[in-house]
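Shown here: model_28.pdb, PDB, C-alpha atoms, pLDDT in the B column.
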ATOM      1  CA  MET A   1     -12.930 -12.527   9.753  1.00 65.00           C
ATOM      2  CA  ASN A   2     -10.577 -10.960   7.228  1.00 80.00           C
ATOM      3  CA  LYS A   3     -13.476  -9.761   5.038  1.00 79.00           C
ATOM      4  CA  PHE A   4     -15.219  -8.283   8.048  1.00 78.00           C
ATOM      5  CA  VAL A   5     -12.145  -6.265   9.110  1.00 77.00           C
ATOM      6  CA  TYR A   6     -11.497  -5.177   5.528  1.00 73.00           C
ATOM      7  CA  ASN A   7     -15.097  -3.951   5.039  1.00 75.00           C
ATOM      8  CA  PHE A   8     -15.142  -2.286   8.468  1.00 75.00           C
ATOM      9  CA  LEU A   9     -11.918  -0.363   7.726  1.00 71.00           C
ATOM     10  CA  ASN A  10     -13.259   0.696   4.319  1.00 73.00           C
ATOM     11  CA  ILE A  11     -16.430   2.054   5.884  1.00 78.00           C
ATOM     12  CA  ILE A  12     -14.465   4.002   8.510  1.00 78.00           C
ATOM     13  CA  THR A  13     -12.001   5.346   5.927  1.00 79.00           C
ATOM     14  CA  LEU A  14     -14.767   6.461   3.556  1.00 72.00           C
ATOM     15  CA  GLY A  15     -16.698   7.984   6.453  1.00 73.00           C
ATOM     16  CA  ILE A  16     -13.710  10.052   7.568  1.00 77.00           C
ATOM     17  CA  PHE A  17     -13.035  11.088   3.960  1.00 73.00           C
ATOM     18  CA  SER A  18     -16.674  12.106   3.547  1.00 76.00           C
ATOM     19  CA  LEU A  19     -16.601  14.220   6.730  1.00 71.00           C
ATOM     20  CA  CYS A  20     -13.425  15.977   5.594  1.00 74.00           C
ATOM     21  CA  LEU A  21     -14.975  16.826   2.224  1.00 73.00           C
ATOM     22  CA  LYS A  22     -18.158  18.157   3.840  1.00 78.00           C
ATOM     23  CA  ASN A  23     -16.178  20.418   6.192  1.00 76.00           C
ATOM     24  CA  LYS A  24     -14.077  21.760   3.332  1.00 77.00           C
ATOM     25  CA  ALA A  25     -17.195  22.390   1.225  1.00 73.00           C
ATOM     26  CA  LYS A  26     -18.816  24.308   4.094  1.00 75.00           C
ATOM     27  CA  LYS A  27     -15.746  26.526   4.466  1.00 74.00           C
ATOM     28  CA  VAL A  28     -15.692  27.293   0.741  1.00 70.00           C
ATOM     29  CA  SER A  29     -19.429  28.043   0.612  1.00 68.00           C
ATOM     30  CA  ASN A  30     -19.204  30.346   3.640  1.00 68.00           C
ATOM     31  CA  LYS A  31     -16.336  32.233   2.037  1.00 64.00           C
ATOM     32  CA  ILE A  32     -18.239  32.619  -1.245  1.00 58.00           C
ATOM     33  CA  ASN A  33     -21.458  33.724   0.471  1.00 54.00           C
ATOM     34  CA  GLN A  34     -19.676  36.469   2.408  1.00 57.00           C
ATOM     35  CA  GLU A  35     -18.333  38.173  -0.717  1.00 61.00           C
ATOM     36  CA  LEU A  36     -20.480  40.491  -2.804  1.00 66.00           C
ATOM     37  CA  THR A  37     -20.169  39.675  -6.478  1.00 69.00           C
ATOM     38  CA  TYR A  38     -20.812  42.270  -9.154  1.00 74.00           C
ATOM     39  CA  GLU A  39     -19.581  43.140 -12.615  1.00 75.00           C
ATOM     40  CA  LYS A  40     -16.569  45.433 -12.570  1.00 83.00           C
ATOM     41  CA  LYS A  41     -16.812  46.401 -16.258  1.00 86.00           C
ATOM     42  CA  TYR A  42     -19.400  48.189 -18.334  1.00 86.00           C
ATOM     43  CA  ASP A  43     -19.835  48.829 -22.061  1.00 88.00           C
ATOM     44  CA  PHE A  44     -19.490  52.601 -22.298  1.00 90.00           C
ATOM     45  CA  ASN A  45     -17.090  55.470 -21.715  1.00 92.00           C
ATOM     46  CA  ILE A  46     -17.721  57.027 -18.298  1.00 93.00           C
ATOM     47  CA  GLU A  47     -16.513  60.471 -19.435  1.00 94.00           C
ATOM     48  CA  ASN A  48     -19.133  60.562 -22.213  1.00 93.00           C
ATOM     49  CA  PHE A  49     -21.758  59.432 -19.705  1.00 94.00           C
ATOM     50  CA  VAL A  50     -20.844  62.306 -17.383  1.00 93.00           C
ATOM     51  CA  LYS A  51     -21.013  64.792 -20.284  1.00 94.00           C
ATOM     52  CA  ASP A  52     -24.496  63.543 -21.176  1.00 94.00           C
ATOM     53  CA  LEU A  53     -25.561  64.214 -17.588  1.00 93.00           C
ATOM     54  CA  GLY A  54     -24.417  67.832 -17.774  1.00 92.00           C
ATOM     55  CA  GLY A  55     -20.791  67.452 -16.712  1.00 93.00           C
ATOM     56  CA  ILE A  56     -19.217  66.607 -13.382  1.00 92.00           C
ATOM     57  CA  GLU A  57     -20.034  70.071 -12.026  1.00 93.00           C
ATOM     58  CA  ASN A  58     -23.738  69.137 -12.302  1.00 92.00           C
ATOM     59  CA  PHE A  59     -23.279  66.236  -9.844  1.00 94.00           C
ATOM     60  CA  LEU A  60     -24.070  66.607  -6.149  1.00 93.00           C
ATOM     61  CA  GLU A  61     -23.927  63.015  -4.913  1.00 95.00           C
ATOM     62  CA  VAL A  62     -23.693  59.478  -6.300  1.00 96.00           C
ATOM     63  CA  SER A  63     -24.718  56.264  -4.541  1.00 95.00           C
ATOM     64  CA  SER A  64     -25.724  52.794  -5.621  1.00 93.00           C
ATOM     65  CA  THR A  65     -27.400  49.538  -4.746  1.00 90.00           C
ATOM     66  CA  LEU A  66     -26.752  46.200  -6.440  1.00 87.00           C
ATOM     67  CA  SER A  67     -28.734  47.201  -9.522  1.00 91.00           C
ATOM     68  CA  THR A  68     -29.408  50.947  -9.327  1.00 95.00           C
ATOM     69  CA  VAL A  69     -27.286  54.092  -9.486  1.00 95.00           C
ATOM     70  CA  LYS A  70     -28.735  57.117  -7.699  1.00 96.00           C
ATOM     71  CA  ILE A  71     -27.375  60.469  -8.882  1.00 96.00           C
ATOM     72  CA  SER A  72     -28.313  63.798  -7.298  1.00 95.00           C
ATOM     73  CA  LEU A  73     -27.926  66.643  -9.789  1.00 94.00           C
ATOM     74  CA  ASN A  74     -27.941  70.455  -9.668  1.00 93.00           C
ATOM     75  CA  ASP A  75     -29.857  70.937 -12.937  1.00 91.00           C
ATOM     76  CA  MET A  76     -32.055  68.184 -14.402  1.00 91.00           C
ATOM     77  CA  THR A  77     -32.500  70.093 -17.687  1.00 90.00           C
ATOM     78  CA  LYS A  78     -28.893  69.353 -18.703  1.00 91.00           C
ATOM     79  CA  ILE A  79     -29.606  65.620 -19.084  1.00 91.00           C
ATOM     80  CA  ASP A  80     -29.448  64.153 -22.614  1.00 88.00           C
ATOM     81  CA  SER A  81     -32.910  62.915 -23.673  1.00 85.00           C
ATOM     82  CA  ASN A  82     -31.398  59.854 -25.406  1.00 88.00           C
ATOM     83  CA  LEU A  83     -29.675  58.645 -22.230  1.00 88.00           C
ATOM     84  CA  LYS A  84     -31.648  55.396 -21.817  1.00 88.00           C
ATOM     85  CA  GLN A  85     -30.999  54.115 -25.341  1.00 89.00           C
ATOM     86  CA  LYS A  86     -27.419  55.379 -25.550  1.00 90.00           C
ATOM     87  CA  TYR A  87     -26.173  53.539 -22.447  1.00 89.00           C
ATOM     88  CA  LYS A  88     -28.535  50.530 -22.418  1.00 87.00           C
ATOM     89  CA  ILE A  89     -30.176  51.547 -19.144  1.00 91.00           C
ATOM     90  CA  ASN A  90     -32.834  49.044 -18.050  1.00 91.00           C
ATOM     91  CA  GLY A  91     -34.863  51.614 -16.143  1.00 92.00           C
ATOM     92  CA  LEU A  92     -34.815  55.360 -15.560  1.00 92.00           C
ATOM     93  CA  SER A  93     -36.705  57.400 -12.997  1.00 92.00           C
ATOM     94  CA  LYS A  94     -36.500  61.120 -12.238  1.00 92.00           C
ATOM     95  CA  THR A  95     -37.514  63.138  -9.224  1.00 92.00           C
ATOM     96  CA  LYS A  96     -36.953  66.839  -8.597  1.00 91.00           C
ATOM     97  CA  ASN A  97     -33.129  66.646  -8.331  1.00 92.00           C
ATOM     98  CA  THR A  98     -32.430  62.911  -8.367  1.00 94.00           C
ATOM     99  CA  LEU A  99     -31.951  60.445 -11.182  1.00 94.00           C
ATOM    100  CA  PHE A 100     -32.359  56.686 -10.611  1.00 95.00           C
ATOM    101  CA  LEU A 101     -30.708  54.532 -13.278  1.00 95.00           C
ATOM    102  CA  VAL A 102     -31.141  50.748 -13.329  1.00 95.00           C
ATOM    103  CA  PHE A 103     -28.023  49.263 -14.906  1.00 91.00           C
ATOM    104  CA  GLY A 104     -28.029  45.789 -13.361  1.00 88.00           C
ATOM    105  CA  ASN A 105     -25.137  44.119 -11.584  1.00 88.00           C
ATOM    106  CA  ASN A 106     -22.515  46.607 -12.817  1.00 90.00           C
ATOM    107  CA  SER A 107     -24.123  49.627 -11.133  1.00 92.00           C
ATOM    108  CA  ILE A 108     -21.707  49.462  -8.179  1.00 91.00           C
ATOM    109  CA  ALA A 109     -18.711  49.757 -10.521  1.00 92.00           C
ATOM    110  CA  ILE A 110     -20.325  52.697 -12.334  1.00 94.00           C
ATOM    111  CA  ALA A 111     -21.080  54.481  -9.050  1.00 94.00           C
ATOM    112  CA  ASN A 112     -17.525  53.872  -7.795  1.00 93.00           C
ATOM    113  CA  ASP A 113     -16.061  55.407 -10.970  1.00 94.00           C
ATOM    114  CA  LEU A 114     -18.442  58.369 -10.782  1.00 95.00           C
ATOM    115  CA  ASN A 115     -17.492  58.958  -7.143  1.00 94.00           C
ATOM    116  CA  LYS A 116     -13.794  58.886  -8.085  1.00 93.00           C
ATOM    117  CA  MET A 117     -14.437  61.553 -10.708  1.00 92.00           C
ATOM    118  CA  LEU A 118     -16.521  63.572  -8.265  1.00 90.00           C
ATOM    119  CA  SER A 119     -13.804  63.536  -5.589  1.00 88.00           C
ATOM    120  CA  LYS A 120     -11.114  64.913  -7.956  1.00 78.00           C
TER     121      LYS A 120
END
Once more with this new file: its structure as structure tokens, please.
Amino acid sequence: MNKFVYNFLNIITLGIFSLCLKNKAKKVSNKINQELTYEKKYDFNIENFVKDLGGIENFLEVSSTLSTVKISLNDMTKIDSNLKQKYKINGLSKTKNTLFLVFGNNSIAIANDLNKMLSK
């Protein structure tokens, strides 16, 4: 009888412990999944980047996705032709007045810094 009670209490204790761990793990995973993670640093000087795009006065609007920075410019002819190699841009696309730059997971940080400069 003693062994039966001992084993029964162990099973109940481990079951309760297991349920507590599962609930805690679910809370942590929900918290992590609700936060957007992206790199907050990049490998170049943002002022030099702006100069190579024709200066801050050439900017109209800046927006971003997780991997791409979209920059609307006044004059596309002011852009440095070496831009892609100089700043390690993964992809570059131009339209009439818009430049799409694929930086990867730090594009949000770049766009935020460009918007701060644009709002000054």
**Report entry** Near-region 71-85 of chain A list (9 Å; all atoms listed in the file; drop same-chain fewer than 3 positions) as an NGL selection string
**Finding:** :A and (49 or 51-55 or 57-64 or 88-92 or 94 or 96-101 or 111)
Query - CA of Thr68 (chain A) to CA of Ile46 (chain A), straight-line distance in Å - result: 15.9 Å
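Taking CA of Val69 (chain A) and CA of Val102 (chain A) as the two end points, the separation is 6.4 Å.
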Requested in this report: Name the residues captured by the PyMOL selection byres ((chain A and resi 43) around 12) when it is applied to the shown file; answer as a ChimeraX atom specification.
Outcome: /A:39-42,44-46,48-49,86-89,103,106-107,109-110
Query raised in the report: How far is it from CA of Lys27 (chain A) to CA of Asn105 (chain A), in Å with one decimal?
Result: 25.6 Å
Query - Test item: residues at most 10 Å from Met117 (chain A), only C-alpha atoms, excluding those fewer than 2 positions along its chain, as a list in words - result: Ile46, Glu47, Val50, Ile56, Ala111, Asn112, Asp113, Leu114, Asn115, Ser119 and Lys120 of chain A
Please complete region 12-23 of chain A so it has all heavy atoms, and hand it over as a compact mmCIF listing (two decimals), in the frame of the given file.
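Everything below was put into out-v8.txt:
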# COMPACT_ATOMS: atom_id res chain seq x y z
N ILE A 12 -15.03 2.95 7.66
CA ILE A 12 -14.46 4.00 8.51
C ILE A 12 -13.66 5.00 7.67
O ILE A 12 -13.79 6.21 7.82
CB ILE A 12 -13.61 3.38 9.64
CG1 ILE A 12 -14.51 2.67 10.64
CG2 ILE A 12 -12.78 4.45 10.34
CD1 ILE A 12 -13.77 1.95 11.72
N THR A 13 -12.84 4.48 6.77
CA THR A 13 -12.00 5.35 5.93
C THR A 13 -12.87 6.25 5.05
O THR A 13 -12.64 7.44 4.95
CB THR A 13 -11.06 4.50 5.05
OG1 THR A 13 -10.27 3.67 5.89
CG2 THR A 13 -10.16 5.38 4.22
N LEU A 14 -13.87 5.67 4.41
CA LEU A 14 -14.77 6.46 3.56
C LEU A 14 -15.58 7.46 4.38
O LEU A 14 -15.85 8.56 3.92
CB LEU A 14 -15.67 5.53 2.75
CG LEU A 14 -14.98 4.70 1.67
CD1 LEU A 14 -15.95 3.74 1.01
CD2 LEU A 14 -14.33 5.60 0.63
N GLY A 15 -15.94 7.07 5.58
CA GLY A 15 -16.70 7.98 6.45
C GLY A 15 -15.86 9.18 6.84
O GLY A 15 -16.33 10.33 6.82
N ILE A 16 -14.62 8.96 7.20
CA ILE A 16 -13.71 10.05 7.57
C ILE A 16 -13.46 10.95 6.36
O ILE A 16 -13.48 12.18 6.46
CB ILE A 16 -12.39 9.50 8.15
CG1 ILE A 16 -12.64 8.85 9.52
CG2 ILE A 16 -11.35 10.60 8.28
CD1 ILE A 16 -11.46 8.10 10.07
N PHE A 17 -13.25 10.33 5.21
CA PHE A 17 -13.04 11.09 3.96
C PHE A 17 -14.26 11.95 3.63
O PHE A 17 -14.13 13.11 3.26
CB PHE A 17 -12.73 10.10 2.83
CG PHE A 17 -12.41 10.76 1.52
CD1 PHE A 17 -11.23 11.46 1.36
CD2 PHE A 17 -13.29 10.66 0.46
CE1 PHE A 17 -10.92 12.07 0.16
CE2 PHE A 17 -12.99 11.25 -0.75
CZ PHE A 17 -11.81 11.96 -0.91
N SER A 18 -15.43 11.38 3.80
CA SER A 18 -16.67 12.11 3.55
C SER A 18 -16.83 13.30 4.49
O SER A 18 -17.21 14.40 4.07
CB SER A 18 -17.86 11.16 3.70
OG SER A 18 -19.07 11.85 3.62
N LEU A 19 -16.52 13.12 5.76
CA LEU A 19 -16.60 14.22 6.73
C LEU A 19 -15.63 15.34 6.38
O LEU A 19 -15.96 16.52 6.49
CB LEU A 19 -16.32 13.71 8.15
CG LEU A 19 -17.42 12.88 8.80
CD1 LEU A 19 -16.93 12.32 10.14
CD2 LEU A 19 -18.67 13.72 8.99
N CYS A 20 -14.42 14.97 5.97
CA CYS A 20 -13.42 15.98 5.59
C CYS A 20 -13.90 16.78 4.39
O CYS A 20 -13.76 18.01 4.35
CB CYS A 20 -12.08 15.32 5.29
SG CYS A 20 -11.25 14.65 6.74
N LEU A 21 -14.47 16.12 3.41
CA LEU A 21 -14.98 16.83 2.22
C LEU A 21 -16.13 17.76 2.57
O LEU A 21 -16.21 18.88 2.05
CB LEU A 21 -15.42 15.83 1.16
CG LEU A 21 -14.31 15.14 0.37
CD1 LEU A 21 -14.90 14.14 -0.61
CD2 LEU A 21 -13.47 16.16 -0.38
N LYS A 22 -17.03 17.31 3.44
CA LYS A 22 -18.16 18.16 3.84
C LYS A 22 -17.67 19.41 4.57
O LYS A 22 -18.17 20.51 4.32
CB LYS A 22 -19.12 17.38 4.73
CG LYS A 22 -19.98 16.41 3.97
CD LYS A 22 -20.93 15.67 4.90
CE LYS A 22 -21.73 14.63 4.15
NZ LYS A 22 -22.62 13.87 5.03
N ASN A 23 -16.71 19.27 5.46
CA ASN A 23 -16.18 20.42 6.19
C ASN A 23 -15.51 21.40 5.25
O ASN A 23 -15.67 22.62 5.38
CB ASN A 23 -15.21 19.97 7.28
CG ASN A 23 -15.91 19.35 8.46
OD1 ASN A 23 -17.08 19.59 8.69
ND2 ASN A 23 -15.20 18.52 9.21
